[in-house]
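With compact mmCIF, C-alpha atoms inside, this is my_file-v8.txt:
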# COMPACT_ATOMS: atom_id res chain seq x y z
CA MET A 27 0.00 0.00 0.00
CA ARG A 28 1.31 3.44 -0.99
CA PRO A 29 1.52 6.12 1.69
CA PRO A 30 -1.26 8.80 1.41
CA ILE A 31 1.27 11.52 0.58
CA LEU A 32 2.64 9.42 -2.32
CA LYS A 33 -0.86 8.76 -3.67
CA ARG A 34 -1.66 12.49 -3.57
CA LEU A 35 1.63 13.25 -5.34
CA LEU A 36 0.94 10.70 -8.09
CA ARG A 37 -2.60 12.07 -8.60
CA ARG A 38 -1.16 15.59 -8.88
CA ILE A 39 1.45 14.47 -11.45
CA ALA A 40 -1.22 12.66 -13.49
CA ALA A 41 -3.55 15.68 -13.42
CA THR A 42 -0.69 17.96 -14.43
CA ALA A 43 0.15 15.65 -17.34
CA VAL A 44 -3.48 15.67 -18.56
CA LEU A 45 -3.67 19.46 -18.34
CA GLY A 46 -0.35 19.73 -20.13
CA LEU A 47 -1.56 17.45 -22.93
CA LEU A 48 -4.81 19.43 -23.20
CA ALA A 49 -2.91 22.71 -23.30
CA ALA A 50 -0.60 21.35 -26.00
CA THR A 51 -3.59 20.15 -28.03
CA LEU A 52 -5.31 23.53 -27.72
CA SER A 53 -2.06 25.27 -28.62
CA VAL A 54 -1.76 23.24 -31.84
CA THR A 55 -5.42 23.75 -32.67
CA THR A 56 -5.39 27.51 -32.19
CA ALA A 57 -2.00 28.03 -33.83
CA GLN A 58 -2.80 26.07 -36.99
CA PRO A 59 -5.04 28.65 -38.76
CA ALA A 60 -2.50 31.44 -38.21
CA ALA A 61 0.36 29.31 -39.53
CA ALA A 62 -1.48 27.77 -42.47
CA ALA A 63 -1.08 29.42 -45.86
CA GLY A 64 -4.25 30.29 -47.70
CA LEU A 65 -7.08 32.75 -47.79
CA GLN A 66 -7.41 34.79 -44.61
CA GLN A 67 -10.28 37.02 -43.53
CA VAL A 68 -9.33 40.58 -42.58
CA THR A 69 -11.44 42.65 -40.23
CA GLY A 70 -11.18 46.29 -39.23
CA PHE A 71 -9.96 47.45 -42.63
CA GLY A 72 -12.07 50.63 -42.54
CA SER A 73 -15.50 52.09 -41.93
CA ASN A 74 -16.83 49.72 -44.64
CA PRO A 75 -19.82 51.72 -45.94
CA GLY A 76 -20.64 48.94 -48.42
CA ASN A 77 -20.95 46.19 -45.79
CA LEU A 78 -18.42 43.93 -47.52
CA GLN A 79 -16.10 41.27 -46.17
CA MET A 80 -12.37 41.36 -46.90
CA TYR A 81 -10.27 38.29 -47.58
CA ALA A 82 -6.62 38.33 -48.64
CA TYR A 83 -3.89 36.05 -49.87
CA THR A 84 -0.31 37.13 -49.22
CA PRO A 85 2.53 34.81 -50.30
CA ALA A 86 5.23 33.99 -47.79
CA GLY A 87 8.11 36.42 -47.93
CA LEU A 88 6.16 39.06 -49.86
CA PRO A 89 8.51 42.05 -50.26
CA ALA A 90 7.54 45.65 -49.69
CA ASN A 91 6.39 47.62 -52.72
CA ALA A 92 4.89 44.55 -54.37
CA PRO A 93 1.77 44.93 -56.54
CA VAL A 94 -1.71 44.16 -55.24
CA VAL A 95 -4.60 42.69 -57.23
CA VAL A 96 -8.25 43.04 -56.20
CA ALA A 97 -10.34 40.08 -57.46
CA LEU A 98 -14.14 40.35 -57.47
CA HIS A 99 -16.35 37.25 -57.60
CA GLY A 100 -19.53 36.90 -59.64
CA CYS A 101 -23.14 36.48 -58.49
CA THR A 102 -23.84 33.44 -56.25
CA GLN A 103 -20.07 33.05 -55.75
CA THR A 104 -17.81 33.68 -52.77
CA ALA A 105 -14.33 35.02 -52.22
CA ASN A 106 -13.19 31.47 -51.47
CA ALA A 107 -14.54 30.16 -54.78
CA TYR A 108 -12.63 32.84 -56.67
CA TYR A 109 -9.51 32.12 -54.64
CA ALA A 110 -9.77 28.38 -55.26
CA ASN A 111 -10.54 28.41 -58.99
CA SER A 112 -9.30 31.60 -60.67
CA GLY A 113 -5.55 30.89 -60.60
CA TRP A 114 -4.58 34.19 -58.93
CA PRO A 115 -2.87 32.56 -55.91
CA ARG A 116 -0.55 30.58 -58.21
CA TYR A 117 0.82 33.67 -59.91
CA ALA A 118 0.88 35.61 -56.64
CA ASP A 119 3.34 32.96 -55.44
CA GLU A 120 5.38 32.90 -58.66
CA TRP A 121 5.51 36.63 -59.40
CA GLY A 122 5.21 38.08 -55.89
CA PHE A 123 2.11 40.14 -55.21
CA ALA A 124 -0.82 40.25 -52.80
CA VAL A 125 -4.42 39.44 -53.75
CA VAL A 126 -7.45 40.95 -52.05
CA PHE A 127 -10.75 39.10 -52.47
CA PRO A 128 -13.72 41.29 -51.46
CA GLN A 129 -16.95 39.43 -50.74
CA THR A 130 -20.52 40.60 -50.79
CA THR A 131 -23.37 38.59 -49.33
CA SER A 132 -27.11 38.07 -49.62
CA ALA A 133 -27.51 40.82 -47.02
CA ASN A 134 -26.50 43.28 -49.78
CA ASN A 135 -28.08 41.47 -52.72
CA ALA A 136 -30.29 38.38 -52.82
CA LEU A 137 -27.89 36.68 -55.28
CA SER A 138 -24.71 38.02 -53.65
CA CYS A 139 -24.01 40.27 -56.65
CA PHE A 140 -21.86 43.37 -56.40
CA GLY A 141 -24.00 46.44 -57.05
CA TRP A 142 -22.57 47.52 -60.43
CA PHE A 143 -25.99 48.96 -61.33
CA ASP A 144 -26.57 51.00 -58.14
CA PRO A 145 -25.18 54.56 -57.83
CA ALA A 146 -25.24 54.15 -54.05
CA GLU A 147 -22.75 51.28 -54.37
CA ASP A 148 -20.59 51.82 -57.47
CA THR A 149 -19.67 55.51 -57.49
CA ARG A 150 -16.73 57.38 -56.00
CA GLY A 151 -16.81 57.61 -52.22
CA ARG A 152 -19.94 55.52 -51.80
CA GLY A 153 -20.99 52.04 -50.75
CA GLU A 154 -19.22 48.94 -51.99
CA ALA A 155 -16.81 50.89 -54.18
CA ALA A 156 -15.60 52.88 -51.18
CA SER A 157 -15.24 49.69 -49.12
CA ILE A 158 -13.07 48.12 -51.82
CA VAL A 159 -10.81 51.18 -51.93
CA GLN A 160 -10.51 50.97 -48.14
CA MET A 161 -9.26 47.41 -48.60
CA VAL A 162 -6.65 48.72 -51.03
CA ASP A 163 -5.58 51.34 -48.47
CA TYR A 164 -5.31 48.58 -45.86
CA ALA A 165 -3.07 46.56 -48.21
CA LYS A 166 -0.81 49.55 -48.77
CA LYS A 167 -0.40 50.11 -45.03
CA THR A 168 -0.26 46.50 -43.87
CA TYR A 169 1.47 44.66 -46.73
CA GLY A 170 3.48 47.61 -48.00
CA SER A 171 1.79 47.31 -51.42
CA ASP A 172 2.93 49.65 -54.19
CA ALA A 173 0.37 52.43 -54.66
CA ASP A 174 1.33 52.72 -58.33
CA ARG A 175 0.69 49.03 -59.05
CA VAL A 176 -2.87 48.39 -57.88
CA TYR A 177 -5.07 46.34 -60.23
CA VAL A 178 -8.65 45.10 -60.19
CA THR A 179 -10.31 42.20 -61.95
CA GLY A 180 -13.75 40.66 -61.78
CA LEU A 181 -16.23 38.22 -63.31
CA SER A 182 -19.80 39.03 -64.38
CA ALA A 183 -21.23 41.35 -61.69
CA GLY A 184 -17.68 41.56 -60.36
CA GLY A 185 -16.65 42.56 -63.87
CA GLY A 186 -19.29 45.28 -63.96
CA MET A 187 -18.05 46.57 -60.63
CA THR A 188 -14.48 46.42 -61.95
CA ALA A 189 -15.38 48.75 -64.83
CA ASP A 190 -17.15 51.10 -62.41
CA LEU A 191 -14.13 51.14 -60.09
CA LEU A 192 -11.79 51.94 -62.97
CA ALA A 193 -14.04 54.87 -63.91
CA ALA A 194 -14.60 56.14 -60.37
CA TYR A 195 -11.02 55.61 -59.13
CA PRO A 196 -8.60 55.94 -62.08
CA ASP A 197 -6.21 57.51 -59.59
CA VAL A 198 -6.16 54.27 -57.56
CA PHE A 199 -6.13 51.50 -60.18
CA ALA A 200 -3.37 51.21 -62.76
CA GLY A 201 -5.22 48.52 -64.68
CA GLY A 202 -8.31 46.37 -64.81
CA SER A 203 -9.64 43.18 -66.33
CA VAL A 204 -13.34 42.71 -67.02
CA ALA A 205 -14.48 39.10 -67.61
CA SER A 206 -17.99 38.57 -68.97
CA GLY A 207 -18.81 42.00 -67.56
CA LEU A 208 -20.42 45.30 -68.40
CA PRO A 209 -19.17 48.74 -69.47
CA ALA A 210 -18.81 51.34 -66.72
CA GLN A 211 -22.10 52.91 -65.70
CA CYS A 212 -24.11 50.86 -68.19
CA ALA A 213 -27.06 50.77 -65.76
CA THR A 214 -28.01 53.06 -62.90
CA SER A 215 -30.86 50.93 -61.51
CA GLN A 216 -31.56 47.25 -60.96
CA ALA A 217 -34.46 47.48 -63.42
CA ALA A 218 -32.06 48.59 -66.16
CA ALA A 219 -29.45 45.92 -65.37
CA SER A 220 -31.03 43.11 -67.39
CA GLY A 221 -31.18 45.36 -70.45
CA CYS A 222 -27.43 45.90 -70.23
CA GLN A 223 -26.76 42.19 -69.89
CA THR A 224 -28.75 41.20 -72.97
CA GLY A 225 -27.45 44.11 -75.03
CA PRO A 226 -26.28 47.53 -73.84
CA GLN A 227 -27.48 50.77 -75.37
CA LYS A 228 -26.16 51.49 -78.85
CA LEU A 229 -24.00 54.44 -77.86
CA THR A 230 -21.09 55.93 -79.74
CA PRO A 231 -17.58 55.40 -78.35
CA ALA A 232 -17.58 59.06 -77.24
CA GLN A 233 -20.85 58.56 -75.35
CA TRP A 234 -19.47 55.48 -73.63
CA GLY A 235 -16.27 57.35 -72.86
CA ASP A 236 -18.28 60.24 -71.38
CA LYS A 237 -19.68 57.85 -68.77
CA VAL A 238 -16.13 57.22 -67.56
CA ARG A 239 -15.14 60.88 -67.63
CA ALA A 240 -18.27 61.81 -65.67
CA ALA A 241 -17.44 59.32 -62.90
CA TYR A 242 -14.53 61.46 -61.68
CA PRO A 243 -15.01 64.95 -63.15
CA GLY A 244 -11.85 66.90 -63.85
CA TYR A 245 -9.55 63.88 -63.94
CA ASN A 246 -7.35 63.86 -67.05
CA GLY A 247 -5.23 60.75 -66.65
CA PRO A 248 -3.25 58.63 -66.61
CA TRP A 249 -5.97 56.08 -67.35
CA PRO A 250 -6.04 52.41 -66.36
CA ARG A 251 -5.05 49.78 -68.93
CA VAL A 252 -8.00 47.49 -69.51
CA ALA A 253 -8.29 43.83 -70.56
CA ILE A 254 -11.68 42.57 -71.73
CA TRP A 255 -12.57 38.85 -71.69
CA GLN A 256 -15.72 37.56 -73.38
CA GLY A 257 -17.14 34.26 -74.64
CA THR A 258 -18.87 34.37 -78.00
CA SER A 259 -21.61 32.04 -76.70
CA ASP A 260 -22.32 33.96 -73.52
CA TYR A 261 -26.09 34.41 -73.23
CA THR A 262 -26.02 35.80 -69.68
CA VAL A 263 -23.87 38.83 -70.48
CA HIS A 264 -24.02 39.11 -74.25
CA PRO A 265 -20.87 39.72 -76.34
CA ALA A 266 -22.11 43.19 -77.32
CA ASN A 267 -20.90 44.27 -73.88
CA ALA A 268 -17.30 43.48 -74.83
CA THR A 269 -17.62 45.70 -77.87
CA ALA A 270 -19.09 48.49 -75.72
CA LEU A 271 -16.23 48.09 -73.24
CA ARG A 272 -13.73 48.27 -76.10
CA ASP A 273 -15.40 51.40 -77.45
CA GLN A 274 -15.53 52.96 -73.99
CA TRP A 275 -11.92 52.53 -73.00
CA THR A 276 -10.32 53.16 -76.37
CA ASP A 277 -12.24 56.43 -76.47
CA VAL A 278 -11.07 57.33 -72.96
CA TRP A 279 -7.50 56.69 -74.13
CA GLY A 280 -8.14 58.66 -77.33
CA ILE A 281 -6.77 55.89 -79.56
CA GLY A 282 -9.73 54.93 -81.73
CA GLN A 283 -11.20 51.52 -82.41
CA THR A 284 -8.81 50.30 -85.14
CA PRO A 285 -6.72 47.40 -83.78
CA SER A 286 -2.95 47.74 -83.58
CA SER A 287 -2.60 43.96 -83.85
CA THR A 288 -4.62 40.76 -83.74
CA ASP A 289 -3.40 37.26 -82.95
CA SER A 290 -4.63 33.82 -81.95
CA LEU A 291 -4.14 32.20 -78.54
CA PRO A 292 -4.93 28.74 -77.15
CA GLY A 293 -8.54 27.91 -76.36
CA SER A 294 -9.84 29.29 -79.68
CA THR A 295 -9.14 32.78 -78.39
CA THR A 296 -8.56 35.87 -80.50
CA ARG A 297 -6.63 38.73 -78.90
CA THR A 298 -7.09 42.22 -80.32
CA VAL A 299 -4.70 44.90 -79.10
CA TYR A 300 -5.13 48.69 -79.12
CA ASN A 301 -1.88 50.56 -78.47
CA ASP A 302 -1.47 53.98 -76.93
CA ALA A 303 0.48 56.80 -78.57
CA SER A 304 3.77 55.31 -77.32
CA GLY A 305 3.05 51.93 -78.88
CA ARG A 306 2.19 50.16 -75.63
CA PRO A 307 -1.02 48.12 -75.26
CA ALA A 308 -3.69 50.23 -73.54
CA VAL A 309 -6.73 48.03 -74.22
CA GLU A 310 -6.76 44.32 -75.04
CA MET A 311 -9.87 42.36 -75.98
CA TYR A 312 -9.92 38.55 -75.74
CA SER A 313 -12.76 36.82 -77.57
CA VAL A 314 -13.10 33.12 -76.68
CA SER A 315 -14.92 31.27 -79.44
CA GLY A 316 -17.77 29.07 -78.22
CA MET A 317 -17.31 29.91 -74.53
CA GLY A 318 -20.34 30.62 -72.39
CA HIS A 319 -20.62 32.76 -69.27
CA GLY A 320 -17.60 32.50 -67.02
CA LEU A 321 -13.92 33.08 -66.40
CA PRO A 322 -11.50 31.29 -68.75
CA VAL A 323 -9.19 28.90 -66.87
CA SER A 324 -6.87 26.09 -67.96
CA PRO A 325 -6.15 23.49 -65.28
CA GLY A 326 -2.67 22.00 -65.41
CA SER A 327 0.93 22.51 -64.37
CA GLY A 328 2.22 24.33 -67.45
CA ASP A 329 3.59 27.84 -67.03
CA ARG A 330 0.53 29.24 -68.85
CA GLN A 331 -2.03 27.01 -67.17
CA CYS A 332 -3.98 27.86 -64.05
CA GLY A 333 -7.16 27.49 -62.09
CA SER A 334 -9.67 24.69 -61.84
CA THR A 335 -13.03 24.11 -63.45
CA ALA A 336 -16.19 24.79 -61.48
CA ALA A 337 -19.42 26.67 -61.99
CA TYR A 338 -18.52 29.73 -64.13
CA PHE A 339 -14.85 28.70 -64.34
CA LEU A 340 -14.56 27.34 -67.87
CA ASP A 341 -11.73 25.23 -69.34
CA THR A 342 -10.35 27.24 -72.28
CA LEU A 343 -7.12 29.12 -71.44
CA CYS A 344 -5.62 30.76 -68.37
CA SER A 345 -6.98 34.30 -68.52
CA THR A 346 -5.15 35.11 -65.28
CA TYR A 347 -1.76 34.47 -66.90
CA TYR A 348 -2.44 36.71 -69.90
CA THR A 349 -3.98 39.42 -67.73
CA GLY A 350 -0.98 39.38 -65.39
CA VAL A 351 1.46 39.64 -68.30
CA PHE A 352 -0.58 42.51 -69.79
CA TRP A 353 -0.22 44.37 -66.47
CA GLY A 354 3.48 43.52 -66.16
CA LEU A 355 3.08 41.41 -63.01
CA ASP A 356 5.40 38.74 -64.43
CA GLY A 357 8.40 41.04 -64.05
CA GLY A 358 8.53 42.05 -67.70
CA THR A 359 8.40 45.69 -68.75
CA GLU A 360 5.13 47.22 -67.65
CA PRO A 361 2.90 48.28 -70.56
CA GLY A 362 2.78 51.86 -69.37
CA ASP A 363 6.44 52.27 -68.46
CA PRO A 364 9.05 51.27 -71.07
CA ASP A 365 11.82 51.23 -68.47
CA GLY A 366 9.81 49.74 -65.63
CA PRO A 367 9.65 51.35 -62.19
CA ASP A 368 13.43 51.51 -61.95
CA ASP A 369 15.88 53.72 -63.75
CA PRO A 370 16.80 52.63 -67.30
CA GLY A 371 19.45 49.94 -67.21
CA ASP A 372 18.89 49.19 -63.53
CA PRO A 373 17.67 45.57 -63.36
CA GLY A 374 14.66 45.12 -61.16
CA PRO A 375 11.09 43.86 -61.03
CA GLY A 376 9.92 46.27 -63.71
CA ASP A 377 12.67 45.62 -66.27
CA PRO A 378 12.78 42.83 -68.85
CA GLY A 379 14.41 39.64 -67.64
CA PRO A 380 16.75 37.47 -69.72
CA ALA A 381 15.37 36.14 -72.99
CA GLN A 382 13.89 32.64 -73.06
CA CYS A 383 14.38 30.37 -76.07
CA TYR A 384 12.11 27.61 -77.38
CA THR A 385 12.88 25.13 -80.17
CA ALA A 386 9.88 23.21 -81.48
CA THR A 387 7.78 22.43 -84.53
CA ASN A 388 5.44 25.08 -85.87
CA TYR A 389 2.53 22.99 -84.63
CA ALA A 390 3.98 22.88 -81.10
CA HIS A 391 4.70 26.63 -81.08
CA VAL A 392 1.06 27.38 -81.91
CA THR A 393 -0.20 24.88 -79.33
CA ALA A 394 2.02 26.48 -76.66
CA GLY A 395 0.79 29.98 -77.49
CA ARG A 396 4.08 31.28 -78.86
CA ALA A 397 2.74 31.66 -82.40
CA HIS A 398 -0.54 31.70 -84.27
CA MET A 399 -1.86 30.28 -87.52
CA SER A 400 -3.47 32.21 -90.37
CA GLY A 401 -4.21 30.94 -93.87
CA GLY A 402 -2.21 27.76 -93.32
CA TYR A 403 0.92 29.64 -92.25
CA VAL A 404 2.36 30.24 -88.78
CA TYR A 405 3.38 33.65 -87.46
CA ALA A 406 5.38 34.45 -84.31
CA ASN A 407 3.32 36.22 -81.66
CA GLY A 408 4.44 39.79 -81.15
CA SER A 409 6.81 40.16 -84.11
CA GLY A 410 4.44 38.58 -86.64
CA GLN A 411 7.34 36.92 -88.48
CA ASN A 412 6.30 34.24 -91.00
CA MET A 413 7.51 30.84 -89.77
CA GLY A 414 6.26 28.76 -92.69
CA LEU A 415 3.57 26.13 -92.98
CA TYR A 416 1.44 24.98 -90.06
CA ASN A 417 2.66 21.40 -89.58
CA VAL A 418 4.95 19.13 -87.54
CA PHE A 419 7.72 19.06 -90.18
CA VAL A 420 8.93 22.68 -89.94
CA SER A 421 10.83 23.65 -86.78
CA HIS A 422 12.13 26.98 -85.50
CA THR A 423 13.80 28.44 -82.44
CA LEU A 424 11.88 31.38 -81.01
CA LYS A 425 13.36 33.93 -78.62
CA GLU A 426 10.94 35.56 -76.16
CA SER A 427 11.80 39.05 -74.90
CA PRO A 428 9.93 40.83 -73.47
CA THR A 429 7.26 38.40 -72.30
CA GLY A 430 4.82 37.55 -75.08
CA TYR A 431 7.04 38.93 -77.89
CA PHE A 432 8.69 36.24 -80.03
CA VAL A 433 11.26 36.49 -82.82
CA ILE A 434 12.84 33.76 -84.96
CA ALA A 435 16.32 32.93 -83.63
CA ASP A 436 17.37 29.87 -85.62
CA SER A 437 20.96 31.11 -85.96
CA GLY A 438 21.44 31.35 -82.22
CA CYS A 439 19.47 32.45 -79.19
CA THR A 440 21.11 34.60 -76.51
CA GLY A 441 19.67 36.72 -73.74
Mind converting the file's structure to structure tokens?
Amino acid sequence: MRPPILKRLLRRIAATAVLGLLAATLSVTTAQPAAAAGLQQVTGFGSNPGNLQMYAYTPAGLPANAPVVVALHGCTQTANAYYANSGWPRYADEWGFAVVFPQTTSANNALSCFGWFDPAEDTRGRGEAASIVQMVDYAKKTYGSDADRVYVTGLSAGGGMTADLLAAYPDVFAGGSVASGLPAQCATSQAAASGCQTGPQKLTPAQWGDKVRAAYPGYNGPWPRVAIWQGTSDYTVHPANATALRDQWTDVWGIGQTPSSTDSLPGSTTRTVYNDASGRPAVEMYSVSGMGHGLPVSPGSGDRQCGSTAAYFLDTLCSTYYTGVFWGLDGGTEPGDPDGPDDPGDPGPGDPGPAQCYTATNYAHVTAGRAHMSGGYVYANGSGQNMGLYNVFVSHTLKESPTGYFVIADSGCTG
């Protein structure tokens, strides 16, 4: 028989061990969400007049002065769905930038749509638009995001809100990407919204441009660079909206509606480019043949593949990759700044990196998106050089520099 004092001591040790194990378990449980990478909710980002929720993804080791992208979901979607399927986290990791995912709820709209048709929500200093800009301000202060490299993208209603944000806050956003969306200020009431979706008013480019100029009176530029993504078989937001968006933003830039170049991309996609006076792309329109209503994605591990298929995430090509390159997020020269954010000749995130070289058949070059086919012949993307017949018997080496610009380099490829 153990003495009473020994029994009390053993009971105390056992109890201490149980409490210690419980404390360790609780410590692991509570520490795990903070340590796990992924989408994180942010509270207290501002007065939040639009009653939105803020979520953010910040890659490990994100440097100061990195870009920030705002990504807006479509109706019936959530921030998490856009995070999981759009492909933005992949390129945030690879290229180094933060992503903010605003979320609206059924408390704001029965279908959880951003209010792109409501002047109380989509105009400067008001409602949801003001809440989103507060999220941008939070990112600048908390993540050290570069105020000159803030971008916004969105799908459907999120695309309509993207266009409105670009019009209302051209001093905040350096670029935008509207996927299956609407031109800025197409509708100013919910009753008028369906009319915009099925076919916006037949306005002239100047009239569409006036809607942008009226959103922030007195502002004279610089204007955001705008990518437009649209499926030709979209019967929710009809393709006429892409044309109206093209008319609107080319007019704002004062560059007319005659394309500077047109080429073919994977996924039966035609890219039409409208350059500014300096020869840099200001507006790009991507028309995806046969695609319905949704964001183009391309699941896979290739460098130009991203995202996953789900409702309104459609397997065609990785729109996120091409949008990021258009904005200069990949580290190539930014469209609006020939020398990048650094001084000329000073290598850095805004200057062109070393050239990449690819040797393959003409067929493989087209499949990989480095060239396009027209009339049975293959042409290098960017330079437009004739590479010969579209087949597996003709091979070339292509040099890529800057990103997306290819030249024939059969005699030798150096950086």
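You will find CA of Gly408 (chain A) at 9.5 Å from CA of Pro428 (chain A).
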Could you make a table, as a tab-separated table, of the residues of region 227-271 of chain A that have an atom within 12 Å of an atom of region 144-149 of chain A, each with its nearest atom pair and distance in Å to one decimal, counting only C-alpha atoms, in chain and number order?
residue	atom	partner	partner_atom	distance
A:Lys237	CA	A:Thr149	CA	11.5
A:Val238	CA	A:Thr149	CA	10.8
A:Ala240	CA	A:Thr149	CA	10.4
A:Ala241	CA	A:Thr149	CA	7.0
A:Tyr242	CA	A:Thr149	CA	8.9
A:Pro243	CA	A:Thr149	CA	12.0
Do a neighbour search on Ala124 (chain A) at 8 Å with only C-alpha atoms, toss out local chain neighbours closer than 3 positions, and write the hits as a PyMOL selection string. chain A and resi 82-85+88+92-95+118+169+171
Would you write out those residues with C-alpha atoms, as an mmCIF file, in the frame of the given file?
data_model
loop_
_atom_site.group_PDB
_atom_site.id
_atom_site.type_symbol
_atom_site.label_atom_id
_atom_site.label_comp_id
_atom_site.auth_asym_id
_atom_site.auth_seq_id
_atom_site.Cartn_x
_atom_site.Cartn_y
_atom_site.Cartn_z
ATOM 1 C CA ALA A 82 -6.620 38.330 -48.640
ATOM 2 C CA TYR A 83 -3.890 36.050 -49.870
ATOM 3 C CA THR A 84 -0.310 37.130 -49.220
ATOM 4 C CA PRO A 85 2.530 34.810 -50.300
ATOM 5 C CA LEU A 88 6.160 39.060 -49.860
ATOM 6 C CA ALA A 92 4.890 44.550 -54.370
ATOM 7 C CA PRO A 93 1.770 44.930 -56.540
ATOM 8 C CA VAL A 94 -1.710 44.160 -55.240
ATOM 9 C CA VAL A 95 -4.600 42.690 -57.230
ATOM 10 C CA ALA A 118 0.880 35.610 -56.640
ATOM 11 C CA TYR A 169 1.470 44.660 -46.730
ATOM 12 C CA SER A 171 1.790 47.310 -51.420
#
Radius query 9 Å about (3.7, 30.9, -81.9), atoms used: only C-alpha atoms, as a PyMOL selection string: chain A and resi 290-291+388-399+404-408+413+424+432
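Counting all atoms listed in the file, the residue from A:Phe143, A:Val252, A:Leu192, A:Phe199 that sits nearest to Cys212 (chain A) is A:Phe143.
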Counting only C-alpha atoms, figure out which residue out of A:Ser286, A:Thr385, A:Gln331, A:Gln223 gets nearest to Ala266 (chain A).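 Distance minimum relative to Ala266 (chain A) lands on A:Gln223.
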Considering all atoms listed in the file, can you say which of A:Ser73, A:Thr104, A:Ser294, A:Thr288 comes closest to Gly153 (chain A)? A:Ser73
So the first atom is CA of Gly70 (chain A) and the second is CA of Arg150 (chain A); what is the distance between them in Å, to one decimal place?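 For CA of Gly70 (chain A) relative to CA of Arg150 (chain A), the distance reads 20.9 Å.
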Excluding Ala205 (chain A) and its own-chain neighbours fewer than 4 positions away, which residues fall within 7 Å of it when counting only C-alpha atoms? Please give them as a ChimeraX atom specification. /A:180-182,185,254-256,321
Of the candidates A:Val309, A:Ala217, A:Leu229, A:Ala155, which shows the shortest atom-to-atom distance to Tyr195 (chain A), using only C-alpha atoms?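 Answer, going by the shortest atom-to-atom distance: A:Ala155.
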Could you please determine the separation between CA of Tyr300 (chain A) and CA of Leu191 (chain A) in Å, to one decimal place? 21.2 Å
Write out as a PyMOL selection string which residues come within 8 Å of Asn106 (chain A) when counting all atoms listed in the file, dropping same-chain ones fewer than 3 positions away. chain A and resi 65+109-110
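Considering the residues A:Ala97, A:Ala253, A:Cys139, A:Ile158 and counting only C-alpha atoms, Gln79 (chain A) has its shortest atom-to-atom contact with A:Ile158.
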Which residues are close to Ala183 (chain A), i.e. within 8 Å by all atoms listed in the file, leaving aside same-chain residues fewer than 3 positions away? Reply as a ChimeraX atom specification. /A:99-101,139-142,180,186-187,207-208
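Each of A:Ser112, A:Asn91, A:Ser157, A:Gln283 was checked against Gly72 (chain A) using all atoms listed in the file; the smallest atom-to-atom distance is that of A:Ser157.
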Near-Met80 (chain A) list (9 Å; only C-alpha atoms; drop same-chain fewer than 5 positions) as a ChimeraX atom specification: /A:66-69,71,105,126-129,158,161
